[in-house]
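K.L.:
Could you have a look at this structure, given as structure tokens, before my questions?
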There are 4 protein chains.
Amino acid sequence: MKLWKKDYTLDKQVEEFTVDRDFVTDYELVPYDCIASIAHAKLLHAMNILTKEELASLITCLEEILARSKHGTFVITQDDEDCHTAIETYLVKKVKNAGKKIHCYRSRNDQVLTALRLYYKDKITSVLQKIDELEEALKSFEKEYGHIALPGYTHMRKAMPSSVGMWSESFIESMDDNKMVLEWTRVLIDQSPLGTGAGYGVGTEIDRNLTAKLLGFARVQENPIYVQNSRGKFESSILHALTQVMADVNKAASDIILFSMQEFGFFELNPEICTGSSIMPHKKNPDVLEILRGKYHEIVSYEVRLKGLAGNLPSGYNRDIQLTKEPVMKSFIITESCLDILSMVLKNVKVNEENCRSALVPEVYATEKVYDLVREGIPFRDAYRIISKEFQE
Amino acid sequence: MKLWKKDYTLDKQVEEFTVDRDFVTDYELVPYDCIASIAHAKLLHAMNILTKEELASLITCLEEILARSKHGTFVITQDDEDCHTAIETYLVKKVKNAGKKIHCYRSRNDQVLTALRLYYKDKITSVLQKIDELEEALKSFEKEYGHIALPGYTHMRKAMPSSVGMWSESFIESMDDNKMVLEWTRVLIDQSPLGTGAGYGVGTEIDRNLTAKLLGFARVQENPIYVQNSRGKFESSILHALTQVMADVNKAASDIILFSMQEFGFFELNPEICTGSSIMPHKKNPDVLEILRGKYHEIVSYEVRLKGLAGNLPSGYNRDIQLTKEPVMKSFIITESCLDILSMVLKNVKVNEENCRSALVPEVYATEKVYDLVREGIPFRDAYRIISKEFQE
Amino acid sequence: MKLWKKDYTLDKQVEEFTVDRDFVTDYELVPYDCIASIAHAKLLHAMNILTKEELASLITCLEEILARSKHGTFVITQDDEDCHTAIETYLVKKVKNAGKKIHCYRSRNDQVLTALRLYYKDKITSVLQKIDELEEALKSFEKEYGHIALPGYTHMRKAMPSSVGMWSESFIESMDDNKMVLEWTRVLIDQSPLGTGAGYGVGTEIDRNLTAKLLGFARVQENPIYVQNSRGKFESSILHALTQVMADVNKAASDIILFSMQEFGFFELNPEICTGSSIMPHKKNPDVLEILRGKYHEIVSYEVRLKGLAGNLPSGYNRDIQLTKEPVMKSFIITESCLDILSMVLKNVKVNEENCRSALVPEVYATEKVYDLVREGIPFRDAYRIISKEFQE
Amino acid sequence: MKLWKKDYTLDKQVEEFTVDRDFVTDYELVPYDCIASIAHAKLLHAMNILTKEELASLITCLEEILARSKHGTFVITQDDEDCHTAIETYLVKKVKNAGKKIHCYRSRNDQVLTALRLYYKDKITSVLQKIDELEEALKSFEKEYGHIALPGYTHMRKAMPSSVGMWSESFIESMDDNKMVLEWTRVLIDQSPLGTGAGYGVGTEIDRNLTAKLLGFARVQENPIYVQNSRGKFESSILHALTQVMADVNKAASDIILFSMQEFGFFELNPEICTGSSIMPHKKNPDVLEILRGKYHEIVSYEVRLKGLAGNLPSGYNRDIQLTKEPVMKSFIITESCLDILSMVLKNVKVNEENCRSALVPEVYATEKVYDLVREGIPFRDAYRIISKEFQE
């Protein structure tokens, strides 16, 4: 049953269209909503709206839901609309009046936001950990092959000497910066929205610091309208941070695909990570890397979606913004799995030293020749022009 | 079992990552692949690769799969990778050698493209039909309320007199143009890719016109490389056409939300299509319209994704491009359901004639007053300036 | 002086911000606005609002402006806001009352739309011509090098034999389809908006067919609200068509960059189209191709902008939509110049037959070996597995 | 003359196409390049490549260029390609050998990056200042009108009581967060790229800390490949930060347009910031706000462009990435001017207290009525249902 159930019936088609898959995607949010509801119940107890016994029974019941959700035995139906309704309905059924009291001084709007923020914080932490693992894989790769020299490219043309070590380190340093961006994003969203109701407060003074503290938020997001308007914005900051991570995944995949082409032969892929062709018996295809490359564009498109959704809309909650939930949740899942896969791929890449060495043709050392002349006292630009002549047919 | 099965084992993690949800989303493609496989089998028979009996047994078996797929009893597993493999595996099991022969002179690449094109053609037809239904709903709406005058707005300011009829007709005319764009897109993609193999032909001359004709394609897409390169491009043309439809859905929803605000009161929504609030007992919210509005941005983001995916990649099949399948399939589903919902919403909107009339304040007729002076012989710009003074405080 | 000049003064900062660069970008629209104004004047004459003499003097004056604009001697200032105002101001100054009458029964809104549509039609024609020239360049390239065989790639791995001819033709066939898309887009926008005023008609019956015919439009766009709502939509269809052209430019550039890498050596670029490095004296960089590749993303981003601008806005003219003018005009300029440049580049690419030949390693013929076994009667899938073993280490 | 001038001539058409408008847009970068060149010269002096006198003469000359650029008397031509070449050419002409030495141990790649980073840091500071000014304007607005109550909206329906103060503060708090995001972005990019050459170092050990310190960079960006790969990524982080600022500008403009509609009448715009219509003499249009609203989408589209440009490209400098320069520079200019304009607009908005008051209809207080029952001991959900009945027809 819906929280706002009235005497008329919501058209079934409207119900299905508006609820869509929320009742499924919400499943991952159940534990966060339980935790947030416990904090809110403690506030209501502090305000004498819930008795000690009511509080205790609510906590017991919410912990039960939390546990059930971990085992997949807590059920959300389409009629429930979302996890928040399913939880309140369960509470009302189990602990009667206490259940009917829990929604006092909160709205589904701030409730949703609170659960999502807690979820986002966890997922950012989880992405950070996957980056750490990737950095480990890069370091192992560097340890094994870092000493091998190969040509560095600019404009996709041989430029100057590089090395496998320089290549690996470039991704480590980049990922270090990505981690910084992710951590900042976590700081940005680490604000408690709880207690702002539907965007205009809850009609009375409540101790928002209490719930913020109970939930581990670094600070309170003060203005209720801003709380609503920040939805979509915070999410787009998260997605931007994830696109930065995925941009590196895209580039690493692009490099590995290129360097493992027969024409280069710098890198060799373990056949066990390659797939075959339905008609060409010789093929060993780097599908896994192509999909890593492609997934970047999926995350970028989600960011575009979020930035479009909220555009040109007035302040305050607009339902459109709920369509931000799925792309963010998906983006976390995709980014995590791409980081995992890239780490695994690196363990299945061998560097062919022989091929790397033979690719280091004389022109790769042209700039060093210029510097040799410089050391003899010839001004750089003159030295450049002298060597330049050598390389013109 | 995979079509390209080798002596080594594909890493399980790689398998899961690359196959992803394909084995699920592909389900809708099974019938199209069966139809295309029957056409291809007829070609192989004409080329004496399949005997008459082998052809007959393959057709029987493919029709069986087709029938099963409609009842949901044909099974695709993750190990199958996709529907094409599942079908070949099934054929080999059932009709032995004939099954092993069916993949001769085709590749999974042109097979996938063929099934998708057939599917796209059907879905475009289906969207066109939904637009027809929406136009009917708009015409009914116009028939009932078209005569009612209300202010027309420019810059979101009252401008000149408009009418409910003019409003309804604007969407009908726009949808007529959208239908034209969709039909052109259908013409664009109505080319048979079958017989181009993996993008470089099948090593022999085959009668591509035969299969094209059997499958009802208007023409043969000649160049094998272009067949591959057109994947992603054709899809983006489809998505562009759908964004045009959805842009109108977005605008109609925006208008209805605005016109049904208490401040306007031009339109009234049947409460049965409105949802409530968890804390505000008086609310009747137009969630259904807000989601219609928001879904536009989802389709736009899919188009962006497709245009990003193929960028900067060389000619020929790249696996990245397979990531175009899901967004296109989703976009069809979303667009169809949004058209359905908008038709239904229109049946649940009433126009409040009284409110419309009282909104027609004098300044809405300012331009007509200018024309009155023009008719008296005053040059337009002078008349404009005369009336202009009337409306300045 | 502005057309809508009132007794108060528009804030200077607001004026600069809203007018922005319109008074510059509009310059290219002057001839189209003159032509449209002549047609409108003929209508006013037919309606007895302009005398024969007034009509004649307006036509003379408008032809004068048209001629001046071609020589760059017609002046638009920021105070004029746009070309339409500058023209009316000029007319009023030169032909007094006739000038003051010309804006009767039209609005700047339909005037702008008319000029833009005429301009778009011309520019599409011009892009089509550039594509014809590129196709000629591709045909010359094919004529010279088409017979040369080289490996075809899938997943960026050698797959099966291809040829320079197959490569060239793939772009010709693709460009043929692009032309079709452009032509359809021209049909879509070939509707006269003139006579719909600011989006709600002009308060009287006028002969819209007359002006449509005089201006060479294929048909009249009937509904005034749709005329306004189609702005942004039609533009996005144009941009979509241009992205299709540019996607091929992007791919051709990607291929040429790859094939001219030292590691491939299939293609060789004339040094005269290559640029150098500031420190590496040996470098010959394909900047021109990299920029061709990059420009695709610029056009895509303009399409995204247009699709964002109009989202979530109600029906009727909203000034935001004027921001669609510059990206469309720029996109035409960019696409035309990229087509020119690609044609020129093709004349400066040589194919190295020797390198192509030596790249045709045995595995490129693996599929043909399968077909050989098929011809001996072995079912395809069995033949595939037999040959497959040959290519496994 | 180009730095890399060879014996052959670059095709004129290629030159124009690749240089494009760089020689114009670069003008703003001249001072930054001079500053960076001075630091680099000091390094070369410390390395004994430049004598004390050479260093002095270079510094004098670079300061001269810097001064000239401020007065617009330093000239960059298309033949120069960019500001960096123009500067070196100038130096060579004026100080001969010292000029020819300055490019030793640096590449145009790291030179460009250094100038851009310095420029970005300045522009971020400048945007932060504009935000401060906007916050002042919001505070003044709040001081004057903050006490006025008006309805708060959810789903664009009257929800609960809000106030002008709550509205103003929502933007202040949001802008505070935006400032944080901008400051973090400044920290992210505050790394010296100087000394990494074209992406593979400069072939010798140099004291990169020295130049970093001289230029005021917080740290050295170590890995040369990462330096190149970070181009486009850092820019996209800047653009993301600017979209966050512009999202608020978009929303504030959307609110003001809505609230100043005749149907609401909460806000009144000073006619001096409104523009008129060419045919409707009564119109006072909020063009300035519509353009503020629209500019958000421009910045978003630039971010999309950047994220597309670098996708699917291998590591190391690719010329495509130079196309990131113009959109970032434009985005700074647009964001600054939009912030200015919004501050100015706020000074020209009056709140109509009477209209706000009369909009506070009884249902706005429905939730407060629920809370009244709660205070009488009725559980929230029961109280909600009781009041709910009151508001159903």
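Chain labels A, B, ... are given in the sequence in which chains occur in the structure tokens; within each chain residues are numbered consecutively from 1, and ligands are likewise numbered from 1 in the order shown.
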May I ask you to extract the residues of chain A within 6 Å of chain D, using only C-alpha atoms, and to give them as an mmCIF file with N, CA, C and O atoms, in the first residue's frame?
P.N.:
```
data_model
loop_
_atom_site.group_PDB
_atom_site.id
_atom_site.type_symbol
_atom_site.label_atom_id
_atom_site.label_comp_id
_atom_site.auth_asym_id
_atom_site.auth_seq_id
_atom_site.Cartn_x
_atom_site.Cartn_y
_atom_site.Cartn_z
ATOM 1 N N LYS A 100 3.460 3.742 12.598
ATOM 2 C CA LYS A 100 2.697 4.880 12.054
ATOM 3 C C LYS A 100 3.311 6.221 12.439
ATOM 4 O O LYS A 100 2.958 7.263 11.891
ATOM 5 N N LYS A 101 4.153 6.184 13.479
ATOM 6 C CA LYS A 101 4.760 7.434 13.954
ATOM 7 C C LYS A 101 6.085 7.758 13.252
ATOM 8 O O LYS A 101 6.526 8.904 13.269
ATOM 9 N N CYS A 104 6.905 10.829 11.037
ATOM 10 C CA CYS A 104 6.722 12.191 11.559
ATOM 11 C C CYS A 104 8.021 12.991 11.377
ATOM 12 O O CYS A 104 9.111 12.483 11.643
ATOM 13 N N TYR A 153 55.132 7.683 -28.457
ATOM 14 C CA TYR A 153 54.455 8.221 -29.636
ATOM 15 C C TYR A 153 53.822 9.589 -29.368
ATOM 16 O O TYR A 153 53.292 9.830 -28.287
ATOM 17 N N THR A 154 53.931 10.468 -30.351
ATOM 18 C CA THR A 154 53.089 11.665 -30.382
ATOM 19 C C THR A 154 52.455 11.692 -31.758
ATOM 20 O O THR A 154 53.086 11.261 -32.732
ATOM 21 N N HIS A 155 51.247 12.163 -31.845
ATOM 22 C CA HIS A 155 50.499 12.159 -33.120
ATOM 23 C C HIS A 155 50.476 10.732 -33.712
ATOM 24 O O HIS A 155 50.445 10.580 -34.928
ATOM 25 N N SER A 162 60.680 5.810 -24.817
ATOM 26 C CA SER A 162 59.864 5.696 -23.612
ATOM 27 C C SER A 162 60.176 4.345 -22.988
ATOM 28 O O SER A 162 61.153 3.693 -23.383
ATOM 29 N N SER A 170 52.469 6.243 -15.606
ATOM 30 C CA SER A 170 51.546 7.311 -16.024
ATOM 31 C C SER A 170 50.132 7.006 -15.534
ATOM 32 O O SER A 170 49.413 7.912 -15.101
ATOM 33 N N TYR A 200 11.048 22.054 2.270
ATOM 34 C CA TYR A 200 10.680 23.301 2.931
ATOM 35 C C TYR A 200 10.620 23.120 4.439
ATOM 36 O O TYR A 200 9.835 23.762 5.136
ATOM 37 N N ASN A 223 20.127 24.283 4.078
ATOM 38 C CA ASN A 223 18.939 24.832 3.417
ATOM 39 C C ASN A 223 18.092 23.747 2.747
ATOM 40 O O ASN A 223 18.576 23.009 1.886
ATOM 41 N N ILE A 225 15.676 23.838 0.531
ATOM 42 C CA ILE A 225 15.513 23.925 -0.931
ATOM 43 C C ILE A 225 16.797 23.433 -1.601
ATOM 44 O O ILE A 225 16.761 22.684 -2.570
ATOM 45 N N TYR A 226 17.930 23.851 -1.046
ATOM 46 C CA TYR A 226 19.202 23.406 -1.619
ATOM 47 C C TYR A 226 19.330 21.890 -1.559
ATOM 48 O O TYR A 226 19.858 21.261 -2.478
ATOM 49 N N LYS A 251 41.806 4.638 -21.966
ATOM 50 C CA LYS A 251 43.118 4.870 -22.577
ATOM 51 C C LYS A 251 44.034 3.653 -22.419
ATOM 52 O O LYS A 251 44.722 3.262 -23.373
ATOM 53 N N SER A 254 42.895 1.191 -24.887
ATOM 54 C CA SER A 254 43.290 1.606 -26.242
ATOM 55 C C SER A 254 44.765 1.293 -26.485
ATOM 56 O O SER A 254 45.139 0.800 -27.553
ATOM 57 N N ASP A 255 45.594 1.609 -25.509
ATOM 58 C CA ASP A 255 47.035 1.335 -25.640
ATOM 59 C C ASP A 255 47.315 -0.154 -25.791
ATOM 60 O O ASP A 255 48.108 -0.561 -26.638
ATOM 61 N N ASN A 312 16.620 23.615 -16.859
ATOM 62 C CA ASN A 312 15.408 24.388 -17.151
ATOM 63 C C ASN A 312 14.252 24.109 -16.201
ATOM 64 O O ASN A 312 13.124 24.535 -16.475
ATOM 65 N N PRO A 314 12.419 24.474 -12.413
ATOM 66 C CA PRO A 314 12.440 25.364 -11.245
ATOM 67 C C PRO A 314 12.909 24.632 -9.986
ATOM 68 O O PRO A 314 12.992 23.399 -9.966
ATOM 69 N N GLY A 316 13.064 23.096 -6.150
ATOM 70 C CA GLY A 316 12.179 22.191 -5.432
ATOM 71 C C GLY A 316 12.130 20.845 -6.120
ATOM 72 O O GLY A 316 12.543 20.702 -7.269
ATOM 73 N N TYR A 317 11.610 19.881 -5.405
ATOM 74 C CA TYR A 317 11.591 18.526 -5.951
ATOM 75 C C TYR A 317 10.740 18.439 -7.213
ATOM 76 O O TYR A 317 9.609 18.888 -7.256
ATOM 77 N N ASN A 318 11.315 17.866 -8.253
ATOM 78 C CA ASN A 318 10.574 17.493 -9.451
ATOM 79 C C ASN A 318 10.862 16.014 -9.683
ATOM 80 O O ASN A 318 12.015 15.588 -9.620
ATOM 81 N N PRO A 379 73.389 26.696 -30.340
ATOM 82 C CA PRO A 379 72.062 27.064 -29.831
ATOM 83 C C PRO A 379 71.021 26.042 -30.288
ATOM 84 O O PRO A 379 71.083 25.547 -31.424
ATOM 85 N N PHE A 380 70.044 25.768 -29.407
ATOM 86 C CA PHE A 380 69.065 24.716 -29.655
ATOM 87 C C PHE A 380 68.439 24.773 -31.040
ATOM 88 O O PHE A 380 68.403 23.786 -31.769
ATOM 89 N N ARG A 381 67.922 25.944 -31.419
ATOM 90 C CA ARG A 381 67.171 26.005 -32.681
ATOM 91 C C ARG A 381 68.076 25.727 -33.885
ATOM 92 O O ARG A 381 67.641 25.092 -34.857
#
```
K.L.:
Please run DSSP on the backbone and report, as a list in words, all residues within region 58-274 of chain A that come out as strand (DSSP E or B).
P.N.:
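DSSP on the backbone gives strand (DSSP E or B) at Ala149, Leu150, Pro151, Gly152, Tyr153, Thr154, Arg157, Lys158, Ala159, Met160, Pro161, Ser162, Ser163, Gln191, Ser192, Gly197, Gly201, Arg219, Val220, Phe267, Glu268 and Leu269 of chain A.
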K.L.:
Restricted to N, CA and C atoms, what would the selected residues look like written as a PDB file, in the first residue's frame?
P.N.:
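Final output, saved to again_16.pdb:
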```
ATOM      1  N   ALA A 149      62.604  -0.743 -22.775  1.00  0.00           N
ATOM      2  CA  ALA A 149      62.414   0.495 -23.546  1.00  0.00           C
ATOM      3  C   ALA A 149      61.574   0.227 -24.780  1.00  0.00           C
ATOM      4  N   LEU A 150      60.773   1.179 -25.149  1.00  0.00           N
ATOM      5  CA  LEU A 150      59.995   1.107 -26.396  1.00  0.00           C
ATOM      6  C   LEU A 150      59.778   2.531 -26.877  1.00  0.00           C
ATOM      7  N   PRO A 151      59.333   2.712 -28.108  1.00  0.00           N
ATOM      8  CA  PRO A 151      59.175   4.083 -28.585  1.00  0.00           C
ATOM      9  C   PRO A 151      57.996   4.766 -27.905  1.00  0.00           C
ATOM     10  N   GLY A 152      58.160   6.047 -27.608  1.00  0.00           N
ATOM     11  CA  GLY A 152      57.026   6.880 -27.194  1.00  0.00           C
ATOM     12  C   GLY A 152      56.441   7.523 -28.433  1.00  0.00           C
ATOM     13  N   TYR A 153      55.132   7.683 -28.457  1.00  0.00           N
ATOM     14  CA  TYR A 153      54.455   8.221 -29.636  1.00  0.00           C
ATOM     15  C   TYR A 153      53.822   9.589 -29.368  1.00  0.00           C
ATOM     16  N   THR A 154      53.931  10.468 -30.351  1.00  0.00           N
ATOM     17  CA  THR A 154      53.089  11.665 -30.382  1.00  0.00           C
ATOM     18  C   THR A 154      52.455  11.692 -31.758  1.00  0.00           C
ATOM     19  N   ARG A 157      52.896   8.776 -33.998  1.00  0.00           N
ATOM     20  CA  ARG A 157      54.133   8.612 -34.754  1.00  0.00           C
ATOM     21  C   ARG A 157      55.262   8.448 -33.733  1.00  0.00           C
ATOM     22  N   LYS A 158      56.235   7.613 -34.047  1.00  0.00           N
ATOM     23  CA  LYS A 158      57.357   7.434 -33.145  1.00  0.00           C
ATOM     24  C   LYS A 158      58.011   8.771 -32.835  1.00  0.00           C
ATOM     25  N   ALA A 159      58.192   9.041 -31.542  1.00  0.00           N
ATOM     26  CA  ALA A 159      58.684  10.359 -31.152  1.00  0.00           C
ATOM     27  C   ALA A 159      60.041  10.272 -30.446  1.00  0.00           C
ATOM     28  N   MET A 160      60.033   9.724 -29.267  1.00  0.00           N
ATOM     29  CA  MET A 160      61.250   9.663 -28.454  1.00  0.00           C
ATOM     30  C   MET A 160      61.226   8.364 -27.650  1.00  0.00           C
ATOM     31  N   PRO A 161      62.331   7.963 -27.040  1.00  0.00           N
ATOM     32  CA  PRO A 161      62.329   6.714 -26.277  1.00  0.00           C
ATOM     33  C   PRO A 161      61.441   6.817 -25.044  1.00  0.00           C
ATOM     34  N   SER A 162      60.680   5.810 -24.817  1.00  0.00           N
ATOM     35  CA  SER A 162      59.864   5.696 -23.612  1.00  0.00           C
ATOM     36  C   SER A 162      60.176   4.345 -22.988  1.00  0.00           C
ATOM     37  N   SER A 163      59.385   3.947 -22.023  1.00  0.00           N
ATOM     38  CA  SER A 163      59.612   2.625 -21.436  1.00  0.00           C
ATOM     39  C   SER A 163      58.308   2.100 -20.872  1.00  0.00           C
ATOM     40  N   GLN A 191      27.052  15.359   3.542  1.00  0.00           N
ATOM     41  CA  GLN A 191      26.224  16.315   4.256  1.00  0.00           C
ATOM     42  C   GLN A 191      24.868  15.663   4.499  1.00  0.00           C
ATOM     43  N   SER A 192      24.359  15.812   5.710  1.00  0.00           N
ATOM     44  CA  SER A 192      23.080  15.174   6.026  1.00  0.00           C
ATOM     45  C   SER A 192      21.893  15.974   5.507  1.00  0.00           C
ATOM     46  N   GLY A 197      12.610  17.576   5.211  1.00  0.00           N
ATOM     47  CA  GLY A 197      11.283  17.269   4.676  1.00  0.00           C
ATOM     48  C   GLY A 197      11.265  17.231   3.169  1.00  0.00           C
ATOM     49  N   GLY A 201      11.457  22.212   4.942  1.00  0.00           N
ATOM     50  CA  GLY A 201      11.503  21.970   6.375  1.00  0.00           C
ATOM     51  C   GLY A 201      10.351  21.109   6.842  1.00  0.00           C
ATOM     52  N   ARG A 219      28.761  16.872   8.063  1.00  0.00           N
ATOM     53  CA  ARG A 219      28.078  18.119   8.371  1.00  0.00           C
ATOM     54  C   ARG A 219      26.610  18.025   7.960  1.00  0.00           C
ATOM     55  N   VAL A 220      25.874  19.084   8.351  1.00  0.00           N
ATOM     56  CA  VAL A 220      24.454  19.165   8.011  1.00  0.00           C
ATOM     57  C   VAL A 220      24.305  20.024   6.771  1.00  0.00           C
ATOM     58  N   PHE A 267      53.091  -5.875 -26.812  1.00  0.00           N
ATOM     59  CA  PHE A 267      52.381  -6.597 -25.748  1.00  0.00           C
ATOM     60  C   PHE A 267      51.790  -7.878 -26.340  1.00  0.00           C
ATOM     61  N   GLU A 268      51.699  -8.915 -25.502  1.00  0.00           N
ATOM     62  CA  GLU A 268      51.039 -10.150 -25.926  1.00  0.00           C
ATOM     63  C   GLU A 268      49.980 -10.528 -24.906  1.00  0.00           C
ATOM     64  N   LEU A 269      48.787 -10.826 -25.422  1.00  0.00           N
ATOM     65  CA  LEU A 269      47.684 -11.161 -24.531  1.00  0.00           C
ATOM     66  C   LEU A 269      47.587 -12.665 -24.361  1.00  0.00           C
TER      67      LEU A 269
END
```
K.L.:
Quick one: residues within 12 Å of Ile341 (chain C), only C-alpha atoms, excluding same-chain residues fewer than 2 positions away - as a ChimeraX atom specification?
P.N.:
/C:130-131,133-134,137,249,252-253,273,287-293,295,334-339,343-348 /D:11-18
K.L.:
Using DSSP on the backbone coordinates, identify all residues within region 128-214 of chain C classified as helix (DSSP H, G or I); present the result as a PyMOL selection string.
P.N.:
chain C and resi 128-145+164-189+208-214
K.L.:
Env of Leu210 (chain D): 9 Å cut, atoms = only C-alpha atoms, seq-sep filter 6 positions within chain, self excluded. Answer as a list in words.
P.N.:
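Result of the neighbour search: Ala39, Lys42 and Leu43 of chain D.
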